[in-house]
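See below for work34.txt, which holds compact mmCIF, C-alpha atoms and all ligand atoms.
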# COMPACT_ATOMS: atom_id res chain seq x y z
CA MET A 277 107.52 117.38 108.31
CA PRO A 278 106.94 113.60 108.44
CA GLY A 279 103.57 111.94 108.90
CA PHE A 280 105.22 109.10 110.80
CA GLU A 281 105.32 111.36 113.83
CA LEU A 282 101.55 110.99 114.14
CA PHE A 283 101.23 107.29 113.20
CA GLY A 284 98.43 105.69 115.22
CA ASP A 285 95.12 103.86 115.47
CA ARG A 286 93.78 104.79 112.05
CA GLU A 287 96.87 103.44 110.31
CA ARG A 288 96.64 100.23 112.37
CA GLN A 289 92.96 99.79 111.47
CA GLU A 290 93.60 100.10 107.73
CA VAL A 291 96.51 97.62 107.92
CA ASN A 292 94.39 95.21 109.95
CA ASP A 293 91.74 95.15 107.20
CA VAL A 294 94.43 93.80 104.88
CA LEU A 295 95.90 91.38 107.42
CA GLU A 296 92.46 89.91 108.10
CA SER A 297 91.81 89.10 104.44
CA GLY A 298 95.41 88.03 103.88
CA ILE A 299 95.39 89.52 100.37
CA LEU A 300 98.54 91.62 100.25
CA MET A 301 98.50 92.09 96.47
CA ARG A 302 96.78 95.10 94.95
CA TYR A 303 95.42 93.29 91.88
CA GLY A 304 93.13 90.29 91.56
CA PHE A 305 91.89 87.81 94.22
CA ASP A 306 88.54 89.63 94.08
CA GLY A 307 86.56 87.08 96.06
CA ALA A 308 89.00 86.66 98.93
CA ARG A 309 89.73 90.27 99.73
CA ASN A 310 86.57 91.12 101.70
CA GLY A 311 85.98 94.17 99.53
CA HIS A 312 89.27 95.80 100.49
CA TRP A 313 91.09 97.59 97.67
CA LYS A 314 93.48 99.83 99.59
CA ALA A 315 95.71 100.78 96.65
CA LYS A 316 92.70 101.65 94.47
CA GLU A 317 91.14 103.64 97.30
CA LEU A 318 94.38 105.51 97.91
CA GLU A 319 94.65 106.37 94.20
CA GLN A 320 91.10 107.75 94.30
CA ALA A 321 91.95 109.73 97.43
CA ILE A 322 95.06 111.17 95.75
CA CYS A 323 92.93 112.26 92.75
CA SER A 324 90.29 113.94 94.89
CA THR A 325 92.78 115.50 97.33
CA PHE A 326 95.06 117.01 94.68
CA HIS A 327 92.37 117.66 92.03
CA VAL A 328 94.02 115.58 89.34
CA ASN A 329 92.46 113.11 86.88
CA HIS A 330 94.74 110.12 87.47
CA ALA A 331 97.10 108.69 90.08
CA GLN A 332 99.25 105.57 89.75
CA LEU A 333 100.70 104.20 92.96
CA VAL A 334 104.13 102.57 92.77
CA SER A 335 106.66 101.16 95.22
CA SER A 336 108.65 104.37 95.85
CA GLY A 337 109.21 107.95 94.77
CA THR A 338 112.23 106.77 92.80
CA ALA A 339 110.04 104.21 91.01
CA ALA A 340 107.52 107.01 90.36
CA LEU A 341 110.18 109.11 88.62
CA THR A 342 111.47 106.12 86.65
CA THR A 343 107.95 105.14 85.55
CA ALA A 344 106.99 108.71 84.65
CA LEU A 345 110.13 109.26 82.56
CA ALA A 346 109.65 105.95 80.76
CA VAL A 347 106.00 106.46 79.84
CA LEU A 348 106.66 110.03 78.71
CA GLY A 349 108.90 108.41 76.12
CA ILE A 350 112.20 109.55 77.60
CA GLY A 351 115.06 107.10 77.12
CA ALA A 352 118.39 106.30 75.51
CA GLY A 353 120.48 109.44 75.09
CA ASP A 354 117.67 111.95 75.78
CA GLU A 355 118.68 114.92 77.91
CA VAL A 356 116.70 115.77 81.04
CA ILE A 357 117.40 119.13 82.65
CA MET A 358 117.40 118.89 86.45
CA PRO A 359 118.73 120.96 89.35
CA THR A 360 122.07 120.68 91.19
CA PHE A 361 120.10 120.62 94.45
CA THR A 362 117.73 117.66 94.76
CA PHE A 363 117.81 114.13 96.17
CA VAL A 364 119.97 111.55 94.36
CA ALA A 365 116.79 109.71 93.27
CA SER A 366 116.26 112.35 90.57
CA PHE A 367 119.41 111.51 88.60
CA GLU A 368 119.17 107.80 89.47
CA ALA A 369 115.78 107.67 87.74
CA VAL A 370 117.06 109.55 84.69
CA LEU A 371 120.05 107.23 84.35
CA SER A 372 117.92 104.12 84.87
CA VAL A 373 115.87 104.78 81.72
CA GLY A 374 119.03 105.41 79.68
CA ALA A 375 118.63 109.19 79.63
CA VAL A 376 121.21 111.86 80.45
CA PRO A 377 120.90 114.08 83.54
CA VAL A 378 121.92 117.65 82.67
CA LEU A 379 122.55 119.47 85.93
CA VAL A 380 121.67 123.14 86.08
CA ASP A 381 122.13 125.84 88.75
CA VAL A 382 119.52 126.77 91.33
CA ASP A 383 118.72 130.28 92.54
CA ASP A 384 117.59 131.66 95.91
CA SER A 385 114.30 129.75 95.52
CA LEU A 386 116.49 126.60 95.92
CA THR A 387 115.01 125.34 92.65
CA LEU A 388 115.88 125.56 88.93
CA GLU A 389 117.04 128.99 87.75
CA PRO A 390 115.01 129.60 84.54
CA ASN A 391 117.83 131.38 82.65
CA ALA A 392 120.24 128.56 83.44
CA VAL A 393 117.61 126.14 82.11
CA ARG A 394 117.38 128.08 78.84
CA ALA A 395 121.15 128.06 78.48
CA ALA A 396 121.28 124.27 78.93
CA ILE A 397 118.82 123.41 76.14
CA THR A 398 120.28 121.50 73.17
CA PRO A 399 118.69 119.58 70.29
CA GLY A 400 118.89 116.51 72.58
CA THR A 401 116.78 118.02 75.38
CA LYS A 402 113.46 116.22 75.95
CA CYS A 403 112.32 117.18 79.40
CA ILE A 404 112.65 119.73 82.19
CA MET A 405 112.41 118.17 85.62
CA PRO A 406 112.05 120.80 88.35
CA VAL A 407 112.37 119.51 91.90
CA HIS A 408 110.13 121.28 94.40
CA MET A 409 112.60 121.11 97.26
CA CYS A 410 112.02 121.39 100.99
CA GLY A 411 108.25 121.88 100.91
CA SER A 412 108.12 124.68 98.39
CA MET A 413 107.99 125.27 94.65
CA ALA A 414 109.96 126.10 91.54
CA ASP A 415 108.96 129.03 89.34
CA LEU A 416 106.52 127.00 87.24
CA ASP A 417 105.23 129.84 85.02
CA ALA A 418 108.75 130.50 83.75
CA LEU A 419 109.50 126.81 83.26
CA GLN A 420 106.20 126.13 81.49
CA GLU A 421 106.93 128.97 79.12
CA ILE A 422 110.33 127.47 78.27
CA CYS A 423 108.71 124.07 77.72
CA LYS A 424 106.17 125.56 75.33
CA GLU A 425 108.80 127.52 73.41
CA HIS A 426 111.03 124.48 72.92
CA ASP A 427 108.37 121.74 72.84
CA LEU A 428 109.70 120.02 75.97
CA LEU A 429 107.99 117.84 78.55
CA LEU A 430 107.59 119.08 82.14
CA LEU A 431 107.93 116.44 84.85
CA GLU A 432 107.52 117.78 88.38
CA ASP A 433 109.36 116.02 91.19
CA ALA A 434 107.04 116.99 94.04
CA CYS A 435 108.25 114.19 96.34
CA GLN A 436 109.22 116.64 99.09
CA SER A 437 106.34 119.05 98.68
CA ILE A 438 103.12 117.10 99.06
CA GLY A 439 100.24 119.50 99.72
CA ALA A 440 102.05 122.59 98.42
CA LYS A 441 100.37 124.66 95.71
CA TYR A 442 101.42 127.03 92.96
CA LYS A 443 98.82 129.67 92.04
CA GLY A 444 96.04 127.51 93.48
CA LYS A 445 97.06 124.21 91.88
CA TYR A 446 98.74 121.37 93.74
CA LEU A 447 102.39 120.76 92.88
CA GLY A 448 102.73 117.67 90.74
CA THR A 449 99.48 118.32 88.87
CA ILE A 450 100.73 121.18 86.70
CA GLY A 451 103.26 119.52 84.37
CA ASP A 452 102.78 116.60 81.97
CA ALA A 453 103.22 114.37 85.01
CA GLY A 454 104.27 114.77 88.64
CA THR A 455 105.62 112.47 91.33
CA TYR A 456 105.09 112.05 95.06
CA SER A 457 107.08 109.97 97.54
CA PHE A 458 105.50 108.31 100.56
CA ASP A 459 108.77 107.04 102.04
CA PHE A 460 109.16 107.04 105.79
CA VAL A 461 110.26 110.66 106.21
CA LYS A 462 107.92 112.38 103.76
CA THR A 463 104.84 114.53 104.58
CA ILE A 464 102.61 111.47 104.47
CA THR A 465 104.04 107.96 104.51
CA CYS A 466 103.23 104.42 103.37
CA GLY A 467 106.50 103.14 104.89
CA GLU A 468 107.68 102.93 101.29
CA GLY A 469 105.65 104.08 98.32
CA GLY A 470 105.17 106.69 95.67
CA ALA A 471 102.75 107.94 93.03
CA VAL A 472 102.71 109.47 89.59
CA VAL A 473 99.87 111.88 88.87
CA THR A 474 98.73 113.17 85.49
CA ASN A 475 95.71 114.71 83.78
CA SER A 476 96.40 112.79 80.55
CA ASP A 477 94.35 109.60 79.92
CA LYS A 478 97.03 108.30 77.57
CA THR A 479 99.86 108.82 80.05
CA TYR A 480 97.82 107.17 82.79
CA ALA A 481 97.08 104.06 80.71
CA ALA A 482 100.82 103.69 80.16
CA LEU A 483 101.62 104.24 83.86
CA ASP A 484 99.10 101.59 84.86
CA ALA A 485 100.64 99.02 82.52
CA TYR A 486 104.33 99.90 82.81
CA SER A 487 104.35 99.60 86.60
CA ASP A 488 102.88 96.05 86.41
CA HIS A 489 104.83 94.14 83.73
CA GLY A 490 102.78 95.74 80.97
CA HIS A 491 99.45 94.21 82.09
CA ASP A 492 96.63 96.11 80.38
CA HIS A 493 94.33 95.20 83.32
CA ALA A 494 91.53 94.63 80.79
CA GLY A 495 91.15 90.87 81.18
CA VAL A 496 88.61 89.06 83.36
CA ASP A 497 91.56 88.08 85.57
CA ARG A 498 95.34 88.54 85.54
CA GLY A 499 95.81 85.51 83.32
CA ALA A 500 93.54 87.01 80.69
CA ASP A 501 95.29 90.41 80.60
CA LEU A 502 97.15 91.29 77.42
CA HIS A 503 100.66 92.76 77.27
CA PRO A 504 100.78 95.11 74.33
CA TYR A 505 103.90 96.81 75.75
CA LEU A 506 106.84 95.84 77.92
CA GLY A 507 106.70 96.80 81.54
CA TYR A 508 108.37 96.17 84.90
CA ASN A 509 107.28 95.54 88.46
CA PHE A 510 107.02 98.77 90.44
CA ARG A 511 103.82 97.74 92.26
CA ILE A 512 102.93 98.90 95.77
CA SER A 513 101.56 96.30 98.20
CA GLU A 514 98.17 96.55 99.88
CA LEU A 515 99.89 96.80 103.29
CA HIS A 516 101.79 99.91 102.27
CA ALA A 517 98.77 101.43 100.54
CA ALA A 518 96.69 100.84 103.69
CA VAL A 519 99.07 102.98 105.75
CA GLY A 520 98.95 105.71 103.09
CA LEU A 521 95.16 105.65 103.03
CA ALA A 522 95.02 106.48 106.73
CA GLN A 523 97.70 109.14 106.28
CA ILE A 524 96.14 110.96 103.32
CA LYS A 525 92.91 111.33 105.29
CA ARG A 526 94.98 113.28 107.83
CA LEU A 527 96.89 115.41 105.31
CA GLU A 528 94.85 118.56 105.96
CA GLU A 529 95.47 118.15 109.68
CA PHE A 530 99.23 117.65 109.12
CA LEU A 531 99.46 120.69 106.84
CA ALA A 532 97.60 122.86 109.35
CA ILE A 533 99.97 121.84 112.15
CA GLN A 534 102.97 122.42 109.88
CA LYS A 535 101.75 125.91 109.03
CA LYS A 536 101.08 126.84 112.64
CA ASN A 537 104.52 125.65 113.74
CA TYR A 538 106.21 127.26 110.73
CA ASP A 539 104.55 130.63 111.34
CA LEU A 540 105.62 130.71 114.98
CA LEU A 541 109.22 129.67 114.30
CA LYS A 542 109.53 132.03 111.35
CA SER A 543 108.23 134.96 113.42
CA ILE A 544 111.13 134.42 115.81
CA LEU A 545 113.77 133.86 113.09
CA ALA A 546 112.53 137.01 111.33
CA THR A 547 113.79 139.04 114.27
CA ILE A 548 117.40 138.01 113.46
CA PRO A 549 118.72 140.89 111.35
CA GLN A 550 121.68 138.92 109.97
CA ILE A 551 119.65 136.28 108.10
CA SER A 552 117.36 136.27 105.07
CA PHE A 553 114.86 133.70 103.84
CA ARG A 554 114.49 131.55 100.76
CA ARG A 555 112.47 133.17 97.98
CA ILE A 556 109.16 131.39 97.48
CA PRO A 557 107.50 131.99 94.07
CA ASP A 558 104.00 131.68 95.63
CA GLU A 559 104.19 132.26 99.40
CA THR A 560 100.60 131.18 100.03
CA GLY A 561 101.27 127.78 98.47
CA ASP A 562 104.18 126.77 100.71
CA SER A 563 103.52 123.44 102.45
CA CYS A 564 105.53 124.80 105.40
CA GLY A 565 107.44 121.53 105.86
CA SER A 566 110.65 123.41 106.57
CA ILE A 567 112.16 126.89 106.71
CA SER A 568 115.25 127.61 104.60
CA TRP A 569 117.33 130.62 105.61
CA PHE A 570 120.58 132.23 104.49
CA LEU A 571 123.57 133.60 106.34
CA PRO A 572 125.43 136.43 104.59
CA SER A 573 128.51 134.26 103.89
CA GLU A 574 129.72 130.66 103.76
CA GLU A 575 132.04 131.38 106.67
CA LYS A 576 129.16 132.56 108.89
CA ALA A 577 126.98 129.61 107.86
CA LYS A 578 129.74 127.17 108.73
CA ALA A 579 130.28 128.90 112.08
CA VAL A 580 126.56 128.56 112.89
CA VAL A 581 126.55 124.87 111.89
CA ALA A 582 129.66 124.18 113.99
CA LYS A 583 128.11 125.88 116.99
CA LEU A 584 124.79 124.02 116.63
CA LYS A 585 126.75 120.79 116.43
CA ALA A 586 128.89 121.63 119.47
CA GLU A 587 125.76 122.35 121.48
CA GLY A 588 124.14 119.09 120.33
CA ILE A 589 121.22 120.84 118.61
CA LEU A 590 122.13 120.42 114.94
CA GLY A 591 119.46 117.69 114.48
CA GLY A 592 116.62 118.91 112.25
CA ASN A 593 118.83 121.67 110.78
CA PHE A 594 120.36 120.73 107.41
CA TYR A 595 123.47 122.25 105.87
CA TRP A 596 123.08 120.89 102.33
CA TYR A 597 126.42 122.18 101.09
CA ASP A 598 128.29 119.50 103.03
CA ASN A 599 125.62 116.83 102.62
CA ASN A 600 126.37 114.02 100.17
CA TRP A 601 122.78 113.09 99.28
CA HIS A 602 121.28 116.37 98.14
CA TYR A 603 123.87 118.58 96.49
CA VAL A 604 126.12 118.10 93.45
CA ARG A 605 129.31 119.08 95.30
CA ASN A 606 129.54 115.72 97.04
CA TRP A 607 128.05 113.46 94.37
CA HIS A 608 131.46 111.88 93.81
CA HIS A 609 129.98 108.56 92.69
CA LEU A 610 128.13 110.35 89.90
CA LYS A 611 131.15 112.42 88.85
CA ASN A 612 133.33 109.30 88.91
CA ILE A 613 130.69 107.34 86.96
CA ALA A 614 130.93 104.64 89.61
CA THR A 615 128.05 102.45 88.43
CA TYR A 616 127.40 98.72 88.66
CA ASN A 617 125.58 98.66 85.34
CA LYS A 618 127.10 99.89 82.08
CA LEU A 619 125.93 103.31 80.91
CA ASN A 620 125.44 104.37 77.29
CA ILE A 621 127.89 106.64 75.49
CA GLU A 622 125.76 109.83 75.77
CA GLN A 623 125.46 109.32 79.52
CA ILE A 624 129.18 108.72 79.93
CA GLU A 625 130.17 111.75 77.86
CA THR A 626 127.94 114.07 79.89
CA LEU A 627 129.01 112.67 83.25
CA GLU A 628 132.67 112.94 82.30
CA ARG A 629 132.24 116.69 81.94
CA LEU A 630 130.52 117.03 85.31
CA SER A 631 133.62 117.40 87.52
CA SER A 632 134.90 120.41 85.61
CA LYS A 633 131.51 122.12 85.29
CA ASP A 634 131.11 125.49 86.97
CA PHE A 635 128.39 125.44 89.63
CA SER A 636 129.58 128.58 91.42
CA VAL A 637 126.08 130.11 91.25
CA SER A 638 124.62 127.13 93.15
CA ASP A 639 127.62 127.07 95.51
CA ALA A 640 127.05 130.72 96.42
CA ILE A 641 123.45 129.86 97.41
CA LEU A 642 123.84 126.46 99.09
CA SER A 643 127.02 127.38 101.03
CA ARG A 644 125.00 129.99 102.94
CA CYS A 645 121.79 128.00 103.39
CA ILE A 646 120.44 126.16 106.42
CA THR A 647 117.08 124.35 106.31
CA THR A 648 115.21 123.81 109.56
CA ASN A 649 112.66 121.01 109.40
CA ILE A 650 109.25 121.64 110.95
CA SER A 651 108.12 118.89 113.30
CA LEU A 652 104.45 117.98 113.76
CA SER A 653 105.02 117.05 117.38
CA TRP A 654 106.52 120.31 118.69
CA THR A 655 104.74 122.18 121.47
CA GLU A 656 104.54 125.98 121.36
CA GLU A 657 107.10 126.16 124.18
CA GLN A 658 109.53 123.94 122.26
CA ILE A 659 109.21 126.10 119.15
CA LYS A 660 109.88 129.27 121.12
CA GLU A 661 112.86 127.65 122.79
CA LYS A 662 114.25 126.44 119.42
CA GLY A 663 113.74 129.83 117.84
CA GLU A 664 115.46 131.69 120.66
CA LYS A 665 118.31 129.17 120.67
CA LEU A 666 118.87 129.56 116.91
CA LYS A 667 118.76 133.31 117.36
CA SER A 668 121.41 133.31 120.07
CA VAL A 669 123.64 130.96 118.06
CA VAL A 670 123.42 133.16 114.96
CA GLU A 671 124.07 136.31 116.95
CA SER A 672 127.08 134.72 118.65
CA VAL A 673 128.97 134.34 115.35
CA PHE A 674 128.76 138.04 114.46
C1 LIG B 1 112.44 111.26 98.66
C2 LIG B 1 112.66 111.84 97.33
C3 LIG B 1 112.61 111.08 96.16
C4 LIG B 1 112.52 109.58 96.16
O1 LIG B 1 111.57 109.02 96.93
P1 LIG B 1 111.74 107.56 97.57
O2 LIG B 1 110.33 107.22 97.89
O3 LIG B 1 112.60 107.70 98.77
O4 LIG B 1 112.31 106.67 96.52
C5 LIG B 1 112.74 111.72 94.94
N1 LIG B 1 112.95 113.03 94.87
C6 LIG B 1 113.03 113.81 95.97
C7 LIG B 1 113.24 115.27 95.81
C8 LIG B 1 112.91 113.24 97.23
O5 LIG B 1 113.04 113.99 98.31
Once more with this new file: its structure as structure tokens, please.
Amino acid sequence: MPGFELFGDRERQEVNDVLESGILMRYGFDGARNGHWKAKELEQAICSTFHVNHAQLVSSGTAALTTALAVLGIGAGDEVIMPTFTFVASFEAVLSVGAVPVLVDVDDSLTLEPNAVRAAITPGTKCIMPVHMCGSMADLDALQEICKEHDLLLLEDACQSIGAKYKGKYLGTIGDAGTYSFDFVKTITCGEGGAVVTNSDKTYAALDAYSDHGHDHAGVDRGADLHPYLGYNFRISELHAAVGLAQIKRLEEFLAIQKKNYDLLKSILATIPQISFRRIPDETGDSCGSISWFLPSEEKAKAVVAKLKAEGILGGNFYWYDNNWHYVRNWHHLKNIATYNKLNIEQIETLERLSSKDFSVSDAILSRCITTNISLSWTEEQIKEKGEKLKSVVESVF
């Protein structure tokens, strides 16, 4: 999955351009920067790669979500519908703008279950935030229909699914806005970084300003910029953008390797009669960053995990049900409302109800699910060996 596995000369060259000029800031210092505008170039590359009108780089995927929510006008007391299975950044961002995360069950696609989304809509709902988990997508047709019916915003968290497509369009570019993460373990990396993409000129103008203290970037220099709106600092540095610029040029290569490795591993796993695979709404659009598969019961899944662990080969295989970063079951800090900053009353009331909420539908999915990450550096022999090993472990628990 991660681009850091193939970090090399091209990344070093791009970073060296920045080091040689010494201009580590993405804005201003026009004369001293030797013509290098890495962040701007990376934004242009994101637009042309993902066929989207605008891209705003920021300092992380979490900052991308926060910025996107804010400029879409989502704030104090507004409800955002999001899945029980995601990364904690999704609810962190919602809480940070004063909004309320409303957690909803996932189905065997490991993403939002459209009927559960419908059932969660209230007069306070503003936005549906699907999370395209583990390299693949949510059922966007169904979610877009719900958004239209109820006049809701659609914000796609595509942080884990860079390069994946739904019906020919890149994830992230389909909703009102979408987010990517370029943290160290994502498909392409900046070290730390993220982006918001959108086709709306108005949303983009707000993204550009909000992520840089409200600067309208219309002055002759930074001092001459106006600040018609409040903003914050979620800027990316030129050093980070330089790494991303080298990485995005290699995205096609990374995706091709991922697909080749995925296809080979899946062909072996498909010969295990006791397992089934995650449902993918558009199979051809999968970024192939990982393979998610189901055992018939929680007991069998736990037996497989225990055996993989005992044999020292659990690494790269994720059992989300027990994980405390990705699944609601172990988000005790959220359920206990253990925050440093004070939350508003709508947030507190919703979070107080979280512990007693029934997530048995999600439990029944996640308790049986194992996700195997696809590495870019595997050889064919290693993949065959891994596949056969997984097969023998699964068969041994039946
Ligand atoms: C990684 C990730 C994020 C946050 O990205 P960072 O760059 O690590 O802040 C958000 N959502 C999902 C689903 C992620 O996997």
Rank A:Gly591, A:Gly520, A:Pro557, A:Gly470 by their smallest atom-to-atom distance to Leu341 (chain A), using all atoms listed in the file, and report the top residue only.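 That would be A:Gly470, the residue with the smallest distance to Leu341 (chain A).
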Computed interatomic separation between CA of Leu447 (chain A) and CA of Ala518 (chain A) (Å):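 Those two atoms sit 23.4 Å apart.
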Nearest residue to ligand LIG 1 (chain B) from the set A:Ile551, A:Met413, A:Ala586, A:Cys323 (distances using only C-alpha atoms and all ligand atoms):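 Of all the options, A:Met413 lies closest to ligand LIG 1 (chain B).
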Cut-off 10 Å: closest chain A/ligand LIG 1 (chain B) atom pairs per residue, using all atoms listed in the file, as a tab-separated table:
residue	atom	partner	partner_atom	distance
A:Val334	CA	B:LIG1	O2	9.3
A:Ser335	CA	B:LIG1	O2	7.6
A:Ser336	CA	B:LIG1	O2	3.9
A:Gly337	CA	B:LIG1	O1	3.4
A:Thr338	CA	B:LIG1	O4	3.7
A:Ala339	CA	B:LIG1	O4	6.4
A:Ala340	CA	B:LIG1	O4	7.8
A:Leu341	CA	B:LIG1	C5	7.3
A:Thr342	CA	B:LIG1	O4	9.9
A:Phe361	CA	B:LIG1	C7	8.8
A:Thr362	CA	B:LIG1	C7	5.2
A:Phe363	CA	B:LIG1	C7	4.7
A:Val364	CA	B:LIG1	N1	7.2
A:Ala365	CA	B:LIG1	C5	4.8
A:Ser366	CA	B:LIG1	N1	5.5
A:Phe367	CA	B:LIG1	N1	9.1
A:Glu368	CA	B:LIG1	C5	9.3
A:Ala369	CA	B:LIG1	C5	8.8
A:Pro406	CA	B:LIG1	C7	9.4
A:Val407	CA	B:LIG1	C7	5.8
A:His408	CA	B:LIG1	C7	6.9
A:Met409	CA	B:LIG1	C7	6.1
A:Cys410	CA	B:LIG1	O5	7.9
A:Gly411	CA	B:LIG1	O5	9.6
A:Glu432	CA	B:LIG1	N1	9.7
A:Asp433	CA	B:LIG1	N1	5.9
A:Ala434	CA	B:LIG1	C7	6.7
A:Cys435	CA	B:LIG1	C6	4.8
A:Gln436	CA	B:LIG1	O5	4.7
A:Ser437	CA	B:LIG1	C7	8.4
A:Thr455	CA	B:LIG1	C5	8.0
A:Tyr456	CA	B:LIG1	O1	7.4
A:Ser457	CA	B:LIG1	O2	4.3
A:Phe458	CA	B:LIG1	O2	5.6
A:Asp459	CA	B:LIG1	O2	4.4
A:Phe460	CA	B:LIG1	O3	7.8
A:Val461	CA	B:LIG1	C1	7.9
A:Lys462	CA	B:LIG1	C1	6.9
A:Thr465	CA	B:LIG1	O2	9.2
A:Cys466	CA	B:LIG1	O2	9.4
A:Gly467	CA	B:LIG1	O2	9.0
A:Glu468	CA	B:LIG1	O2	6.1
A:Gly469	CA	B:LIG1	O2	5.7
A:Gly470	CA	B:LIG1	O2	5.6
A:Ala471	CA	B:LIG1	O2	9.0
A:Trp601	CA	B:LIG1	O5	9.8
A:His602	CA	B:LIG1	C7	8.4
List the residues sitting within 6 Å of (119.2, 112.7, 75.8) in the file's frame, using all atoms listed in the file, as a list in words.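 Residues close enough to count: Gly353, Asp354, Glu355, Ala375, Val376, Gly400 and Thr401 of chain A.
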Separation of CA of Ile404 (chain A) from CA of Cys423 (chain A) in Å: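 Computing the Euclidean distance for CA of Cys423 (chain A) and CA of Ile404 (chain A) yields 7.4 Å.
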With distances taken over all atoms listed in the file, which residue among A:Val581, A:Val382, A:Leu431, A:Leu483 lies nearest Tyr603 (chain A)?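 Under the stated criterion, the closest residue is A:Val382.
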Tell me which protein, DNA and RNA residues are within 12 Å of Lys445 (chain A), counting all atoms listed in the file, leaving out same-chain ones fewer than 2 positions away, and put them as a list in words.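 Surrounding residues, per the criterion: Thr325, Phe326, His327, Val328, Met413, Leu416, Ile438, Gly439, Ala440, Lys441, Tyr442, Lys443, Leu447, Gly448, Thr449, Ile450, Gly451, Asp558, Thr560, Gly561 and Asp562 of chain A.
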Rounded to one decimal in Å, what is the spacing between CA of Leu371 (chain A) and CA of Pro504 (chain A)?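 Rounded to one decimal, the two atoms are 24.9 Å apart.
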For Cys564 (chain A), which residue out of A:Asp539, A:Glu587, A:Asp293, A:Asp497 is the nearest one, using only C-alpha atoms?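 For Cys564 (chain A), the nearest of the given residues is A:Asp539.
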Kindly provide, as JSON, the centre and edge lengths (Å, one decimal) of an axis-aligned box around all atoms of region 381-396 of chain A given in the file, with 4 Å on each side.
{"center_x": 118.2, "center_y": 128.0, "center_z": 87.2, "size_x": 15.8, "size_y": 15.4, "size_z": 25.4}
